[in-house]
Structures are given as structure tokens and as C-alpha cells.
Amino acid sequence: MRMHAMAMLLILTAAAAAQTAQVYKWVDKHGNVTYSEQPPPDVDAQPVTVETEPPAEQRQQAEDVRLRVLEAGREVDRRMAQKRQRREALQIDVHHAEEALADAKRRLEDGIEPLPGERIGTASGHSKLRDEYFTRIEKLKEAVKTAERQLQDARDALAKSN
């Protein structure tokens, strides 16, 4: 769209630019200088290029196109800034999700060791883990899975923003 508008602007600007008219100049036998759009047939007339102003309507059309192109450019810039901001926000989301996953994995690793009260002794002198331990470990594993899904969702959203 922007390229189309720029091309149109260039065309109209060129059309609205100074227009040229062909004029001829010659000097008669008395030394008088004469200008005319048509040279007399028996005189050595020299072509002279004269620049003229384009009509007001044409200048206004060119100005209108120029203003539309400027506005379209501002709109493109605004959309690009919004897209850039959205992408930056998504990159931050990915970073936070990566940190959350690393934290969940660290808590799982740290939580492998039974806490006080999660082990009970047996008659044979050994110990056995209580259900509370397995419930806590399952919650930690679920937290890792949730963090992995959230990271994947954040990465997918970032990939779609391109």
C-alpha cells in the first residue's frame, strides 16, 4: 500500500511540477525581438523553454495526495510500533516463563529429599515414605508440567507475532 501511494505521489507531483511550454524567439530586420508559440516560416527562430505554473486544481490534487501519503506513512509507523511493542511484551512473557520453569525444576530437585514427618520407621528397622511425600512430589512435578506448557504457549504466541 505504501509503495502504491508513493508512486501515485511521485506521478502527481511530477504532473504538478512546473510545466513547460514551447516558445520561439527571433529578431526581425529592425532588431525587434519577438516571442511566439509558432515561428514564422521564413525566419530563423530559436526555441526557448518557458516554465509555467501548473493550474491550481492540479497543485491542490498533488497536495492532497502528498497529505494522504504522509497520513498513510504515519499509520504504517503506528502499526509497526504497536507490533514491536507487542513482540517485546511477548519476549518478556517468554523470559518470565523460562524463569518460572527453571524455578519449578529447582523446587522439584530440592524437594526430592523427604521432609521431616514424611518418613516412618518399620519393624525391621528400615523406613518407609508416607503418602504425604508422594503427594508433595506429584504437586511439584505438576508444577513443572504447568510451567512447561506456559513456556510453550508463550513461545507459540511469540512465533505467531511475526
# chains A, B, ... in the order shown; residues from 1 in each chain; ligands from 1
call {"tool": "select_by_dssp", "arguments": {"residues": "range 52-151 of chain A", "states": "strand (DSSP E or B)", "output": "ChimeraX atom specification"}}
result
/A:52,119-121,127-129
call {"tool": "residues_around", "arguments": {"residues": "Leu90 in chain A", "least_positions_apart": "5", "cutoff": "10 Å", "atoms": "only C-alpha atoms", "output": "PyMOL selection string"}}
result
chain A and resi 84-85+95-96+154-159+161
call {"tool": "residues_around", "arguments": {"residues": "Val33 in chain A", "least_positions_apart": "4", "cutoff": "12 Å", "atoms": "only C-alpha atoms", "output": "number ranges by chain"}}
result
A: 24-29, 45-46
call {"tool": "write_last_selection", "arguments": {"atoms": "C-alpha atoms", "output": "mmCIF file, in the first residue's frame"}}
result
data_model
loop_
_atom_site.group_PDB
_atom_site.id
_atom_site.type_symbol
_atom_site.label_atom_id
_atom_site.label_comp_id
_atom_site.auth_asym_id
_atom_site.auth_seq_id
_atom_site.Cartn_x
_atom_site.Cartn_y
_atom_site.Cartn_z
ATOM 1 C CA TYR A 24 10.143 30.639 -30.159
ATOM 2 C CA LYS A 25 12.261 33.787 -30.206
ATOM 3 C CA TRP A 26 13.512 35.670 -33.194
ATOM 4 C CA VAL A 27 14.815 39.099 -34.140
ATOM 5 C CA ASP A 28 13.349 40.855 -37.168
ATOM 6 C CA LYS A 29 15.279 43.046 -39.642
ATOM 7 C CA ALA A 45 13.600 31.254 -34.768
ATOM 8 C CA GLN A 46 15.303 29.803 -31.700
#
call {"tool": "closest_residue", "arguments": {"among": "A:Ala72, A:Lys105, A:Glu88, A:Val43", "to": "Glu142 in chain A", "atoms": "only C-alpha atoms"}}
result
A:Lys105
call {"tool": "atom_distance", "arguments": {"atom1": "CA of Val144 in chain A", "atom2": "CA of Lys160 in chain A"}}
result
24.3 Å
call {"tool": "select_by_dssp", "arguments": {"residues": "range 9-151 of chain A", "states": "helix (DSSP H, G or I)", "output": "PyMOL selection string"}}
result
chain A and resi 9-16+56-111+131-151
call {"tool": "residues_around", "arguments": {"residues": "Phe134 in chain A", "least_positions_apart": "4", "cutoff": "12 Å", "atoms": "only C-alpha atoms", "output": "PDB file with C-alpha atoms, in the first residue's frame"}}
result
ATOM      1  CA  LEU A 108      11.323 -30.385  42.377  1.00  0.00           C
ATOM      2  CA  GLY A 111      12.036 -31.447  47.132  1.00  0.00           C
ATOM      3  CA  ILE A 112      13.224 -34.974  46.334  1.00  0.00           C
ATOM      4  CA  GLU A 113      14.656 -35.285  49.828  1.00  0.00           C
ATOM      5  CA  PRO A 114      11.853 -36.213  52.278  1.00  0.00           C
ATOM      6  CA  LEU A 115      10.831 -33.579  54.768  1.00  0.00           C
ATOM      7  CA  GLU A 118       7.312 -37.803  55.599  1.00  0.00           C
ATOM      8  CA  ARG A 119       9.219 -40.946  56.640  1.00  0.00           C
ATOM      9  CA  LYS A 128       9.148 -46.052  54.543  1.00  0.00           C
ATOM     10  CA  LEU A 129       7.941 -42.853  52.792  1.00  0.00           C
ATOM     11  CA  ARG A 130       4.498 -41.672  53.722  1.00  0.00           C
ATOM     12  CA  GLU A 138       3.351 -35.083  42.438  1.00  0.00           C
ATOM     13  CA  LYS A 139       2.426 -31.436  43.051  1.00  0.00           C
ATOM     14  CA  LEU A 140       5.999 -30.388  42.300  1.00  0.00           C
ATOM     15  CA  LYS A 141       6.018 -32.476  39.091  1.00  0.00           C
TER      16      LYS A 141
END
call {"tool": "closest_residue", "arguments": {"among": "A:Glu75, A:Ala123, A:Ala100, A:Gly117", "to": "Lys145 in chain A", "atoms": "only C-alpha atoms"}}
result
A:Ala100
call {"tool": "atom_distance", "arguments": {"atom1": "CA of His30 in chain A", "atom2": "CA of Thr49 in chain A"}}
result
24.4 Å
call {"tool": "atom_distance", "arguments": {"atom1": "CA of Gln150 in chain A", "atom2": "CA of Ala97 in chain A"}}
result
6.3 Å
call {"tool": "decode", "arguments": {"residues": "range 37-120 of chain A", "atoms": "C-alpha atoms", "output": "PDB file, in the first residue's frame"}}
result
ATOM      1  CA  GLU A  37       4.276  29.828 -29.877  1.00  0.00           C
ATOM      2  CA  GLN A  38       4.587  29.435 -33.651  1.00  0.00           C
ATOM      3  CA  PRO A  39       7.700  30.641 -35.534  1.00  0.00           C
ATOM      4  CA  PRO A  40       7.181  32.346 -38.867  1.00  0.00           C
ATOM      5  CA  PRO A  41       8.184  30.072 -41.781  1.00  0.00           C
ATOM      6  CA  ASP A  42      10.829  32.394 -43.253  1.00  0.00           C
ATOM      7  CA  VAL A  43      12.656  33.310 -40.017  1.00  0.00           C
ATOM      8  CA  ASP A  44      15.403  31.510 -38.112  1.00  0.00           C
ATOM      9  CA  ALA A  45      13.600  31.254 -34.768  1.00  0.00           C
ATOM     10  CA  GLN A  46      15.303  29.803 -31.700  1.00  0.00           C
ATOM     11  CA  PRO A  47      13.257  27.591 -29.334  1.00  0.00           C
ATOM     12  CA  VAL A  48      13.034  28.913 -25.776  1.00  0.00           C
ATOM     13  CA  THR A  49      11.766  26.831 -22.907  1.00  0.00           C
ATOM     14  CA  VAL A  50       9.413  28.662 -20.577  1.00  0.00           C
ATOM     15  CA  GLU A  51       8.311  27.132 -17.305  1.00  0.00           C
ATOM     16  CA  THR A  52       4.759  27.784 -16.280  1.00  0.00           C
ATOM     17  CA  GLU A  53       2.912  27.160 -13.026  1.00  0.00           C
ATOM     18  CA  PRO A  54       0.540  24.209 -13.050  1.00  0.00           C
ATOM     19  CA  PRO A  55      -3.136  25.000 -12.626  1.00  0.00           C
ATOM     20  CA  ALA A  56      -4.354  25.483  -9.041  1.00  0.00           C
ATOM     21  CA  GLU A  57      -6.516  22.361  -9.282  1.00  0.00           C
ATOM     22  CA  GLN A  58      -3.512  20.254 -10.226  1.00  0.00           C
ATOM     23  CA  ARG A  59      -1.425  21.742  -7.399  1.00  0.00           C
ATOM     24  CA  GLN A  60      -4.256  21.014  -4.949  1.00  0.00           C
ATOM     25  CA  GLN A  61      -4.517  17.397  -6.171  1.00  0.00           C
ATOM     26  CA  ALA A  62      -0.799  16.937  -5.683  1.00  0.00           C
ATOM     27  CA  GLU A  63      -1.009  18.427  -2.188  1.00  0.00           C
ATOM     28  CA  ASP A  64      -3.976  16.173  -1.341  1.00  0.00           C
ATOM     29  CA  VAL A  65      -2.041  13.103  -2.466  1.00  0.00           C
ATOM     30  CA  ARG A  66       1.020  14.234  -0.523  1.00  0.00           C
ATOM     31  CA  LEU A  67      -1.066  14.604   2.643  1.00  0.00           C
ATOM     32  CA  ARG A  68      -2.702  11.189   2.139  1.00  0.00           C
ATOM     33  CA  VAL A  69       0.692   9.562   1.654  1.00  0.00           C
ATOM     34  CA  LEU A  70       2.014  11.234   4.793  1.00  0.00           C
ATOM     35  CA  GLU A  71      -1.015  10.042   6.771  1.00  0.00           C
ATOM     36  CA  ALA A  72      -0.653   6.520   5.378  1.00  0.00           C
ATOM     37  CA  GLY A  73       3.012   6.577   6.378  1.00  0.00           C
ATOM     38  CA  ARG A  74       2.085   7.661   9.902  1.00  0.00           C
ATOM     39  CA  GLU A  75      -0.455   4.836  10.093  1.00  0.00           C
ATOM     40  CA  VAL A  76       2.132   2.295   8.949  1.00  0.00           C
ATOM     41  CA  ASP A  77       4.599   3.653  11.513  1.00  0.00           C
ATOM     42  CA  ARG A  78       1.926   3.436  14.256  1.00  0.00           C
ATOM     43  CA  ARG A  79       1.095  -0.164  13.371  1.00  0.00           C
ATOM     44  CA  MET A  80       4.753  -1.117  13.252  1.00  0.00           C
ATOM     45  CA  ALA A  81       5.319   0.459  16.690  1.00  0.00           C
ATOM     46  CA  GLN A  82       2.337  -1.464  18.082  1.00  0.00           C
ATOM     47  CA  LYS A  83       3.648  -4.703  16.593  1.00  0.00           C
ATOM     48  CA  ARG A  84       7.124  -4.018  18.001  1.00  0.00           C
ATOM     49  CA  GLN A  85       5.660  -3.316  21.460  1.00  0.00           C
ATOM     50  CA  ARG A  86       3.552  -6.478  21.310  1.00  0.00           C
ATOM     51  CA  ARG A  87       6.594  -8.532  20.303  1.00  0.00           C
ATOM     52  CA  GLU A  88       8.676  -7.050  23.124  1.00  0.00           C
ATOM     53  CA  ALA A  89       5.890  -7.888  25.612  1.00  0.00           C
ATOM     54  CA  LEU A  90       5.762 -11.446  24.280  1.00  0.00           C
ATOM     55  CA  GLN A  91       9.546 -11.764  24.601  1.00  0.00           C
ATOM     56  CA  ILE A  92       9.230 -10.684  28.230  1.00  0.00           C
ATOM     57  CA  ASP A  93       6.484 -13.294  28.709  1.00  0.00           C
ATOM     58  CA  VAL A  94       8.799 -15.982  27.295  1.00  0.00           C
ATOM     59  CA  HIS A  95      11.611 -14.862  29.604  1.00  0.00           C
ATOM     60  CA  HIS A  96       9.298 -14.986  32.657  1.00  0.00           C
ATOM     61  CA  ALA A  97       8.024 -18.418  31.623  1.00  0.00           C
ATOM     62  CA  GLU A  98      11.606 -19.677  31.275  1.00  0.00           C
ATOM     63  CA  GLU A  99      12.394 -18.385  34.767  1.00  0.00           C
ATOM     64  CA  ALA A 100       9.218 -19.987  36.172  1.00  0.00           C
ATOM     65  CA  LEU A 101      10.139 -23.337  34.605  1.00  0.00           C
ATOM     66  CA  ALA A 102      13.690 -23.187  35.974  1.00  0.00           C
ATOM     67  CA  ASP A 103      12.264 -22.343  39.404  1.00  0.00           C
ATOM     68  CA  ALA A 104       9.748 -25.235  39.260  1.00  0.00           C
ATOM     69  CA  LYS A 105      12.509 -27.673  38.264  1.00  0.00           C
ATOM     70  CA  ARG A 106      14.736 -26.384  41.063  1.00  0.00           C
ATOM     71  CA  ARG A 107      11.921 -26.839  43.619  1.00  0.00           C
ATOM     72  CA  LEU A 108      11.323 -30.385  42.377  1.00  0.00           C
ATOM     73  CA  GLU A 109      15.014 -31.206  42.615  1.00  0.00           C
ATOM     74  CA  ASP A 110      15.249 -29.673  46.088  1.00  0.00           C
ATOM     75  CA  GLY A 111      12.036 -31.447  47.132  1.00  0.00           C
ATOM     76  CA  ILE A 112      13.224 -34.974  46.334  1.00  0.00           C
ATOM     77  CA  GLU A 113      14.656 -35.285  49.828  1.00  0.00           C
ATOM     78  CA  PRO A 114      11.853 -36.213  52.278  1.00  0.00           C
ATOM     79  CA  LEU A 115      10.831 -33.579  54.768  1.00  0.00           C
ATOM     80  CA  PRO A 116      10.572 -34.282  58.470  1.00  0.00           C
ATOM     81  CA  GLY A 117       7.463 -36.349  59.142  1.00  0.00           C
ATOM     82  CA  GLU A 118       7.312 -37.803  55.599  1.00  0.00           C
ATOM     83  CA  ARG A 119       9.219 -40.946  56.640  1.00  0.00           C
ATOM     84  CA  ILE A 120       8.052 -43.585  59.061  1.00  0.00           C
TER      85      ILE A 120
END
